[in-house]
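A.B. asks: Quick one: the structure is below, questions incoming.
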Amino acid sequence: MAIFSEMANLEHEQLVFCRNDDVGLRAIIAIHSTALGPALGGCRLYNYANEDDAVRDVLRLSRGMTYKAAVAGLDFGGGKAVIIGDPSIKSEPLFRAFGRFVESLRGRYITAEDMNTTVEDMNHIRRETNHVNGASLHAGGSGDPSPVTAWGVFHGIRACLEVVHGSPDVSGRTVAIQGLGAVGFELARYLHEAGAQLLFNDISDRKLTRAIETFGGTVVDGDDYYSSECDVLAPCAIGGIINAATIPRIRAPIIAGAANNQLDDEARDGEQLEAAGIVYAPDYVISAGGLINVAAERSGASAEAAMSDAAGIFDTVKQIINLSRAGRITTTAASNQVAEQRIDAVSRLRRFHLP
Ligand code: NAD
């Protein structure tokens with residue numbers, strides 16, 4: 001792989017390779033942009049088929065974080081880390097060794113939880129560096145960000161309903177949630193408390209049973225999820241599920257959920273949704289609550305302040321849908337524009353030298 005060309009393609013600042021054979025650590029930290037502030041982004045543990053896949057993933061994910069933070073109005077840039085291996089390699093020394101590499105970047109990169117890493121892992125990292133978020137409350141962190149993510153998604157759904165129906169009220173509306181994990185289950189709670197009817201889809205019978213026992217609602221099996229009769233599809237499980245095969249089946253006028261990379265092909269599928277008259281809340285905009293929580297932790301703000309900031313996703317989602325309609329572009333193109341304009345404007349004002 002021509003690594004500098006890959007970095008140049010997506011305009012990355014820095015790529016750091018970290019190795020410690022004593023603890024079995026092979027990690028890559030990507031800093032996409034620090035134009036708005038320190039690069040923030042989680043640490044993913046994944047058994048990549050090869051090193052090129054790991055490099056591509058960390059480059060793609062870190063760029064996504066730049067856009068996510070920019071649209072959320074945060075003073076953070078975008079970064080991400082990947083540790084190569086399966087979850088069996090986890091150990092205190094592994095995460096502490098990783099933490100020392102994070103520390104060596106002196107705050108240019110701040111890590112957090114991501115796929116296959118947990119609050120406990122962040123606690124280990126925190127023993128070696130303060131540039132970590134999402135450690136447990138007793139270790140001085142803000143804990144699991146998922147309830148804040150879910151709160152942001154709830155408000156993003158309300159914004160979509162307001163654009164489509166003139167009222168943000170979820171009461172009496174039907175929302176089909178795919179994935180009843182950390183985010184989906186909390187989202188179900190907020191929607192249930194606000195009077196929504198719920199449809200549930202998950203590959204885990206245990207998760208489905210827990211949701212039905214807690215909130216009532218109805219299970220939709222497998223692929224029938226996409227053709228659910230409902231007001232909102234809220235994908236909160238995996239990516240790539242909005243694609244050429246599923247879009248023709250979708251009856252819901254709104255797609256608004258937390259799952260990362262919902263569109264299989266951002267441009268093609270975004271345009272197909274537009275053509276079908278389906279409002280799509282860009283995933284990285286509506287799922288920013290977790291990041292907002294992390295930003296609140298760093299600024300010393302309270303958990304209540306983080307929830308209140310995450311509720312601001314209502315305005316952001318509305319603004320982006322309106323921009324997309326005015327400019328006849330997809331909602332993702334509209335949110336990318338908002339991000340790029342903000343990064344550009346802040347970078348320009350920082351040309352002014354402060355003695
Ligand atoms: P999780 O692992 O806790 O839950 C995922 C759920 O999806 C599980 O219940 C799992 O059984 C289910 N699932 C997996 N594959 C499925 C499939 N093919 N069909 C139906 N259900 C399936 O994950 P989470 O933390 O709740 O995150 C959910 C999504 O939101 C992910 O895409 C994640 O990247 C994204 N996200 C999460 C956060 C956060 O704060 N946790 C923030 C931003 C984005």
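In the structure tokens, chains take the letters A, B, ... in the order shown, each chain's residues start at 1, and ligands count up from 1 in the order shown.
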Determine which residues of region 56-130 of chain A DSSP labels as alpha helix (DSSP H) from the backbone of this structure, then write them out as a ChimeraX atom specification.

C.D. replies: /A:56-71,92-104,119-126

A.B. asks: Can I get the selected residues back with N, CA, C and O atoms, as a CSV table (one decimal), in the first residue's frame?

C.D. replies:
```
chain,number,residue,atom,x,y,z
A,56,ARG,N,-6.6,1.2,6.1
A,56,ARG,CA,-7.7,1.8,5.4
A,56,ARG,C,-8.8,2.1,6.4
A,56,ARG,O,-9.4,3.2,6.4
A,57,ASP,N,-9.1,1.2,7.3
A,57,ASP,CA,-10.2,1.4,8.3
A,57,ASP,C,-9.9,2.6,9.2
A,57,ASP,O,-10.8,3.5,9.4
A,58,VAL,N,-8.7,2.7,9.7
A,58,VAL,CA,-8.4,3.7,10.7
A,58,VAL,C,-8.4,5.1,10.0
A,58,VAL,O,-8.8,6.1,10.5
A,59,LEU,N,-8.0,5.1,8.7
A,59,LEU,CA,-8.0,6.4,7.9
A,59,LEU,C,-9.4,6.8,7.7
A,59,LEU,O,-9.8,8.0,7.9
A,60,ARG,N,-10.3,5.9,7.3
A,60,ARG,CA,-11.7,6.2,7.0
A,60,ARG,C,-12.4,6.6,8.2
A,60,ARG,O,-13.1,7.7,8.2
A,61,LEU,N,-12.2,5.9,9.3
A,61,LEU,CA,-12.9,6.2,10.6
A,61,LEU,C,-12.5,7.5,11.2
A,61,LEU,O,-13.3,8.3,11.7
A,62,SER,N,-11.2,7.8,11.1
A,62,SER,CA,-10.7,9.1,11.7
A,62,SER,C,-11.2,10.3,10.9
A,62,SER,O,-11.6,11.3,11.5
A,63,ARG,N,-11.3,10.2,9.6
A,63,ARG,CA,-11.9,11.3,8.8
A,63,ARG,C,-13.4,11.5,9.2
A,63,ARG,O,-13.8,12.6,9.4
A,64,GLY,N,-14.1,10.4,9.4
A,64,GLY,CA,-15.5,10.5,9.8
A,64,GLY,C,-15.6,11.3,11.1
A,64,GLY,O,-16.6,12.0,11.3
A,65,MET,N,-14.7,11.1,12.0
A,65,MET,CA,-14.7,11.8,13.3
A,65,MET,C,-14.6,13.3,13.2
A,65,MET,O,-15.1,14.0,13.9
A,66,THR,N,-13.7,13.7,12.2
A,66,THR,CA,-13.5,15.1,12.0
A,66,THR,C,-14.9,15.7,11.6
A,66,THR,O,-15.3,16.8,12.1
A,67,TYR,N,-15.6,15.1,10.7
A,67,TYR,CA,-16.9,15.6,10.2
A,67,TYR,C,-17.9,15.6,11.4
A,67,TYR,O,-18.7,16.5,11.5
A,68,LYS,N,-17.9,14.5,12.1
A,68,LYS,CA,-18.9,14.3,13.2
A,68,LYS,C,-18.7,15.5,14.2
A,68,LYS,O,-19.7,16.1,14.6
A,69,ALA,N,-17.5,15.7,14.7
A,69,ALA,CA,-17.2,16.7,15.7
A,69,ALA,C,-17.5,18.1,15.1
A,69,ALA,O,-18.1,19.0,15.8
A,70,ALA,N,-17.2,18.3,13.8
A,70,ALA,CA,-17.4,19.6,13.2
A,70,ALA,C,-18.9,20.0,13.2
A,70,ALA,O,-19.3,21.1,13.6
A,71,VAL,N,-19.8,19.0,12.7
A,71,VAL,CA,-21.2,19.3,12.6
A,71,VAL,C,-21.8,19.4,14.0
A,71,VAL,O,-22.8,20.2,14.2
A,92,GLU,N,-4.6,-6.0,30.8
A,92,GLU,CA,-4.2,-4.7,31.4
A,92,GLU,C,-2.9,-4.2,30.7
A,92,GLU,O,-2.9,-3.0,30.3
A,93,PRO,N,-1.9,-5.0,30.6
A,93,PRO,CA,-0.6,-4.5,30.0
A,93,PRO,C,-0.8,-4.0,28.6
A,93,PRO,O,-0.2,-3.0,28.2
A,94,LEU,N,-1.7,-4.7,27.8
A,94,LEU,CA,-1.9,-4.3,26.4
A,94,LEU,C,-2.5,-2.9,26.4
A,94,LEU,O,-1.9,-2.0,25.7
A,95,PHE,N,-3.5,-2.7,27.2
A,95,PHE,CA,-4.1,-1.3,27.1
A,95,PHE,C,-3.2,-0.3,27.8
A,95,PHE,O,-3.2,0.9,27.3
A,96,ARG,N,-2.5,-0.6,28.8
A,96,ARG,CA,-1.5,0.3,29.3
A,96,ARG,C,-0.4,0.7,28.4
A,96,ARG,O,-0.1,1.9,28.2
A,97,ALA,N,0.0,-0.3,27.6
A,97,ALA,CA,1.1,0.0,26.6
A,97,ALA,C,0.5,0.9,25.5
A,97,ALA,O,1.1,1.9,25.1
A,98,PHE,N,-0.8,0.6,25.1
A,98,PHE,CA,-1.4,1.5,24.2
A,98,PHE,C,-1.5,2.9,24.7
A,98,PHE,O,-1.3,3.9,24.1
A,99,GLY,N,-1.9,3.0,26.0
A,99,GLY,CA,-2.1,4.3,26.7
A,99,GLY,C,-0.8,5.1,26.7
A,99,GLY,O,-0.8,6.3,26.5
A,100,ARG,N,0.4,4.4,26.8
A,100,ARG,CA,1.6,5.1,26.7
A,100,ARG,C,1.9,5.7,25.3
A,100,ARG,O,2.5,6.8,25.2
A,101,PHE,N,1.5,5.0,24.3
A,101,PHE,CA,1.6,5.6,23.0
A,101,PHE,C,0.7,6.8,22.8
A,101,PHE,O,1.1,7.8,22.2
A,102,VAL,N,-0.5,6.7,23.4
A,102,VAL,CA,-1.4,7.9,23.3
A,102,VAL,C,-0.8,9.1,24.0
A,102,VAL,O,-0.8,10.2,23.6
A,103,GLU,N,-0.2,8.8,25.2
A,103,GLU,CA,0.4,9.8,26.0
A,103,GLU,C,1.6,10.5,25.2
A,103,GLU,O,1.8,11.7,25.3
A,104,SER,N,2.3,9.7,24.4
A,104,SER,CA,3.4,10.2,23.6
A,104,SER,C,3.0,11.3,22.6
A,104,SER,O,3.8,12.1,22.2
A,119,VAL,N,-15.4,0.2,29.0
A,119,VAL,CA,-15.1,1.1,30.0
A,119,VAL,C,-13.9,0.6,30.8
A,119,VAL,O,-13.0,1.4,31.2
A,120,GLU,N,-13.8,-0.7,31.1
A,120,GLU,CA,-12.7,-1.3,31.9
A,120,GLU,C,-11.4,-1.1,31.1
A,120,GLU,O,-10.3,-0.8,31.7
A,121,ASP,N,-11.4,-1.3,29.8
A,121,ASP,CA,-10.2,-1.1,29.0
A,121,ASP,C,-9.7,0.4,29.1
A,121,ASP,O,-8.5,0.7,29.2
A,122,MET,N,-10.7,1.3,29.1
A,122,MET,CA,-10.4,2.7,29.2
A,122,MET,C,-9.7,3.0,30.6
A,122,MET,O,-8.8,3.9,30.7
A,123,ASN,N,-10.2,2.3,31.6
A,123,ASN,CA,-9.6,2.5,32.9
A,123,ASN,C,-8.1,2.1,32.9
A,123,ASN,O,-7.3,2.8,33.5
A,124,HIS,N,-7.8,1.0,32.2
A,124,HIS,CA,-6.4,0.6,32.1
A,124,HIS,C,-5.6,1.7,31.4
A,124,HIS,O,-4.5,2.1,31.8
A,125,ILE,N,-6.1,2.2,30.3
A,125,ILE,CA,-5.4,3.3,29.5
A,125,ILE,C,-5.2,4.5,30.4
A,125,ILE,O,-4.2,5.1,30.4
A,126,ARG,N,-6.2,4.8,31.2
A,126,ARG,CA,-6.2,6.0,32.0
A,126,ARG,C,-5.0,5.9,33.1
A,126,ARG,O,-4.6,7.0,33.6
```

A.B. asks: Please, which residues in chain A fall within 6 Å of ligand 1 when counting only C-alpha atoms and all ligand atoms, and what is the closest atom pair and distance in Å to one decimal for each, ordered by chain then residue number, as a tab-separated table?

C.D. replies:
```
residue	atom	partner	partner_atom_place_in_ligand_line	distance
A:Pro145	CA	ligand 1	40 (O)	4.8
A:Ser146	CA	ligand 1	40 (O)	3.6
A:Thr149	CA	ligand 1	40 (O)	4.9
A:Gln178	CA	ligand 1	20 (C)	5.3
A:Gly179	CA	ligand 1	7 (O)	3.5
A:Leu180	CA	ligand 1	9 (O)	4.3
A:Gly181	CA	ligand 1	4 (O)	3.2
A:Ala182	CA	ligand 1	26 (O)	3.7
A:Val183	CA	ligand 1	26 (O)	3.8
A:Gly184	CA	ligand 1	26 (O)	5.5
A:Asn201	CA	ligand 1	20 (C)	5.6
A:Asp202	CA	ligand 1	21 (N)	3.5
A:Ile203	CA	ligand 1	21 (N)	4.6
A:Ser204	CA	ligand 1	11 (O)	4.8
A:Lys207	CA	ligand 1	9 (O)	5.8
A:Cys236	CA	ligand 1	29 (C)	4.5
A:Ala237	CA	ligand 1	7 (O)	3.7
A:Ile238	CA	ligand 1	32 (O)	4.6
A:Ala258	CA	ligand 1	30 (O)	4.4
A:Ala259	CA	ligand 1	32 (O)	3.4
A:Asn260	CA	ligand 1	32 (O)	4.3
A:Ser287	CA	ligand 1	43 (C)	4.7
A:Gly290	CA	ligand 1	40 (O)	4.5
```

A.B. asks: Mind dumping the selected residues with N, CA and C atoms as a tab-separated table (two decimals), in the first residue's frame?

C.D. replies:
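Just written: result-v2.tsv:
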```tsv
chain	number	residue	atom	x	y	z
A	145	PRO	N	-21.19	6.12	27.14
A	145	PRO	CA	-21.85	7.24	26.48
A	145	PRO	C	-23.18	6.87	25.81
A	146	SER	N	-23.51	5.56	25.78
A	146	SER	CA	-24.66	5.13	24.96
A	146	SER	C	-25.99	5.80	25.32
A	149	THR	N	-26.00	9.03	23.58
A	149	THR	CA	-26.18	8.81	22.14
A	149	THR	C	-27.67	8.59	21.85
A	178	GLN	N	-33.88	-1.37	14.94
A	178	GLN	CA	-33.04	-2.55	14.66
A	178	GLN	C	-31.82	-2.49	15.58
A	179	GLY	N	-31.66	-3.51	16.42
A	179	GLY	CA	-30.53	-3.53	17.35
A	179	GLY	C	-30.93	-2.98	18.71
A	180	LEU	N	-31.04	-3.88	19.68
A	180	LEU	CA	-31.47	-3.46	21.03
A	180	LEU	C	-30.30	-3.59	21.99
A	181	GLY	N	-29.17	-3.09	21.55
A	181	GLY	CA	-27.98	-3.09	22.39
A	181	GLY	C	-27.93	-1.84	23.25
A	182	ALA	N	-26.71	-1.36	23.50
A	182	ALA	CA	-26.53	-0.25	24.42
A	182	ALA	C	-27.33	0.98	24.00
A	183	VAL	N	-27.33	1.30	22.70
A	183	VAL	CA	-28.05	2.49	22.24
A	183	VAL	C	-29.52	2.18	21.99
A	184	GLY	N	-29.78	1.11	21.23
A	184	GLY	CA	-31.16	0.80	20.83
A	184	GLY	C	-32.10	0.61	22.01
A	201	ASN	N	-36.28	-5.39	16.09
A	201	ASN	CA	-35.57	-6.37	15.25
A	201	ASN	C	-34.17	-6.55	15.81
A	202	ASP	N	-33.79	-7.80	16.07
A	202	ASP	CA	-32.44	-8.08	16.58
A	202	ASP	C	-32.13	-9.53	16.27
A	203	ILE	N	-30.85	-9.85	16.12
A	203	ILE	CA	-30.49	-11.25	15.89
A	203	ILE	C	-30.44	-12.02	17.21
A	204	SER	N	-30.51	-11.30	18.32
A	204	SER	CA	-30.43	-11.95	19.64
A	204	SER	C	-31.83	-12.09	20.25
A	207	LYS	N	-32.08	-10.30	23.61
A	207	LYS	CA	-32.28	-8.84	23.54
A	207	LYS	C	-33.75	-8.52	23.21
A	236	CYS	N	-30.06	0.71	14.62
A	236	CYS	CA	-29.11	0.91	15.73
A	236	CYS	C	-28.26	-0.35	15.91
A	237	ALA	N	-27.94	-1.02	14.81
A	237	ALA	CA	-27.14	-2.25	14.93
A	237	ALA	C	-25.87	-2.14	14.10
A	238	ILE	N	-26.01	-2.43	12.81
A	238	ILE	CA	-24.82	-2.55	11.95
A	238	ILE	C	-24.91	-1.59	10.76
A	258	ALA	N	-28.89	5.25	15.08
A	258	ALA	CA	-27.51	5.48	15.53
A	258	ALA	C	-26.45	4.72	14.76
A	259	ALA	N	-26.83	3.65	14.05
A	259	ALA	CA	-25.80	2.76	13.48
A	259	ALA	C	-24.84	3.55	12.60
A	260	ASN	N	-23.56	3.20	12.68
A	260	ASN	CA	-22.54	3.87	11.86
A	260	ASN	C	-22.60	3.35	10.43
A	287	SER	N	-26.05	10.54	15.59
A	287	SER	CA	-25.44	9.69	16.62
A	287	SER	C	-24.32	10.40	17.39
A	290	GLY	N	-22.86	10.59	21.89
A	290	GLY	CA	-21.74	9.99	22.63
A	290	GLY	C	-20.52	10.89	22.59
```

A.B. asks: CA of Tyr225 (chain A) to CA of Ile254 (chain A): how many Å, to one decimal?

C.D. replies: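 CA of Tyr225 (chain A) sits 13.8 Å away from CA of Ile254 (chain A).
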
A.B. asks: Need to verify the contact set: Asn50 (chain A), 12 Å, only C-alpha atoms, exclusion of same-chain residues closer than 5 positions in sequence. Can you return it as a PyMOL selection string?

C.D. replies: chain A and resi 1+26+55-57+84-85

A.B. asks: Give the strand (DSSP E or B) residues of region 42-141 of chain A, as assigned by DSSP on the backbone, as a PDB file with N, CA, C and O atoms, in the first residue's frame.

C.D. replies:
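Okay, this is what ended up in selection.pdb:
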```
ATOM      1  N   CYS A  43     -11.045   3.817  20.204  1.00  0.00           N
ATOM      2  CA  CYS A  43     -10.032   2.797  19.915  1.00  0.00           C
ATOM      3  C   CYS A  43     -10.768   1.482  19.659  1.00  0.00           C
ATOM      4  O   CYS A  43     -11.449   0.957  20.532  1.00  0.00           O
ATOM      5  N   ARG A  44     -10.640   0.984  18.443  1.00  0.00           N
ATOM      6  CA  ARG A  44     -11.333  -0.226  18.017  1.00  0.00           C
ATOM      7  C   ARG A  44     -10.374  -1.411  18.098  1.00  0.00           C
ATOM      8  O   ARG A  44      -9.220  -1.290  17.695  1.00  0.00           O
ATOM      9  N   LEU A  45     -10.859  -2.533  18.620  1.00  0.00           N
ATOM     10  CA  LEU A  45     -10.058  -3.763  18.629  1.00  0.00           C
ATOM     11  C   LEU A  45     -10.668  -4.687  17.598  1.00  0.00           C
ATOM     12  O   LEU A  45     -11.857  -5.027  17.692  1.00  0.00           O
ATOM     13  N   TYR A  46      -9.886  -5.070  16.582  1.00  0.00           N
ATOM     14  CA  TYR A  46     -10.478  -5.870  15.516  1.00  0.00           C
ATOM     15  C   TYR A  46      -9.421  -6.733  14.851  1.00  0.00           C
ATOM     16  O   TYR A  46      -8.285  -6.290  14.662  1.00  0.00           O
ATOM     17  N   GLY A  77     -10.984  17.810  16.741  1.00  0.00           N
ATOM     18  CA  GLY A  77     -10.715  17.283  15.414  1.00  0.00           C
ATOM     19  C   GLY A  77     -11.064  15.805  15.380  1.00  0.00           C
ATOM     20  O   GLY A  77     -11.720  15.280  16.292  1.00  0.00           O
ATOM     21  N   GLY A  78     -10.603  15.131  14.314  1.00  0.00           N
ATOM     22  CA  GLY A  78     -10.962  13.730  14.145  1.00  0.00           C
ATOM     23  C   GLY A  78      -9.764  12.808  14.215  1.00  0.00           C
ATOM     24  O   GLY A  78      -8.739  13.048  13.580  1.00  0.00           O
ATOM     25  N   GLY A  79      -9.901  11.760  15.016  1.00  0.00           N
ATOM     26  CA  GLY A  79      -8.858  10.741  15.097  1.00  0.00           C
ATOM     27  C   GLY A  79      -9.488   9.400  15.359  1.00  0.00           C
ATOM     28  O   GLY A  79     -10.711   9.298  15.602  1.00  0.00           O
ATOM     29  N   LYS A  80      -8.728   8.370  15.297  1.00  0.00           N
ATOM     30  CA  LYS A  80      -9.220   7.025  15.605  1.00  0.00           C
ATOM     31  C   LYS A  80      -8.005   6.136  15.818  1.00  0.00           C
ATOM     32  O   LYS A  80      -6.913   6.424  15.288  1.00  0.00           O
ATOM     33  N   ALA A  81      -8.189   5.060  16.563  1.00  0.00           N
ATOM     34  CA  ALA A  81      -7.102   4.092  16.724  1.00  0.00           C
ATOM     35  C   ALA A  81      -7.656   2.693  16.491  1.00  0.00           C
ATOM     36  O   ALA A  81      -8.832   2.426  16.788  1.00  0.00           O
ATOM     37  N   VAL A  82      -6.827   1.836  15.930  1.00  0.00           N
ATOM     38  CA  VAL A  82      -7.200   0.424  15.852  1.00  0.00           C
ATOM     39  C   VAL A  82      -6.100  -0.409  16.493  1.00  0.00           C
ATOM     40  O   VAL A  82      -4.910  -0.135  16.309  1.00  0.00           O
ATOM     41  N   ILE A  83      -6.517  -1.371  17.281  1.00  0.00           N
ATOM     42  CA  ILE A  83      -5.581  -2.377  17.795  1.00  0.00           C
ATOM     43  C   ILE A  83      -5.890  -3.648  17.009  1.00  0.00           C
ATOM     44  O   ILE A  83      -7.056  -4.046  16.898  1.00  0.00           O
ATOM     45  N   ILE A  84      -4.856  -4.247  16.428  1.00  0.00           N
ATOM     46  CA  ILE A  84      -5.079  -5.411  15.572  1.00  0.00           C
ATOM     47  C   ILE A  84      -5.050  -6.680  16.427  1.00  0.00           C
ATOM     48  O   ILE A  84      -4.062  -6.950  17.124  1.00  0.00           O
ATOM     49  N   TYR A 109      -4.038  13.482  20.214  1.00  0.00           N
ATOM     50  CA  TYR A 109      -5.077  12.470  20.020  1.00  0.00           C
ATOM     51  C   TYR A 109      -5.647  12.071  21.382  1.00  0.00           C
ATOM     52  O   TYR A 109      -4.880  11.847  22.332  1.00  0.00           O
ATOM     53  N   ILE A 110      -6.978  12.022  21.457  1.00  0.00           N
ATOM     54  CA  ILE A 110      -7.651  11.588  22.692  1.00  0.00           C
ATOM     55  C   ILE A 110      -8.467  10.346  22.349  1.00  0.00           C
ATOM     56  O   ILE A 110      -9.260  10.363  21.395  1.00  0.00           O
ATOM     57  N   THR A 111      -8.257   9.284  23.095  1.00  0.00           N
ATOM     58  CA  THR A 111      -8.926   8.020  22.772  1.00  0.00           C
ATOM     59  C   THR A 111     -10.193   7.817  23.608  1.00  0.00           C
ATOM     60  O   THR A 111     -10.487   8.578  24.537  1.00  0.00           O
ATOM     61  N   VAL A 132      -7.717  10.207  27.542  1.00  0.00           N
ATOM     62  CA  VAL A 132      -8.677   9.122  27.322  1.00  0.00           C
ATOM     63  C   VAL A 132     -10.005   9.534  27.934  1.00  0.00           C
ATOM     64  O   VAL A 132     -10.040  10.174  28.986  1.00  0.00           O
TER      65      VAL A 132
END
```

A.B. asks: Separation of CA of Gln262 (chain A) and CA of Gly240 (chain A), in Å?

C.D. replies: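 Separating CA of Gln262 (chain A) from CA of Gly240 (chain A) is a distance of 4.8 Å.
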
A.B. asks: With only C-alpha atoms as the atoms that count, which of A:Ala176, A:Val163, A:Ala139, A:Ala296 lies nearest to Ile321 (chain A)?

C.D. replies: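 Checking each candidate against Ile321 (chain A), we get A:Val163 as the closest.
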
A.B. asks: What's the separation between CA of Val294 (chain A) and CA of Ala135 (chain A), in Å to one decimal place?

C.D. replies: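 So the answer is 10.1 Å.
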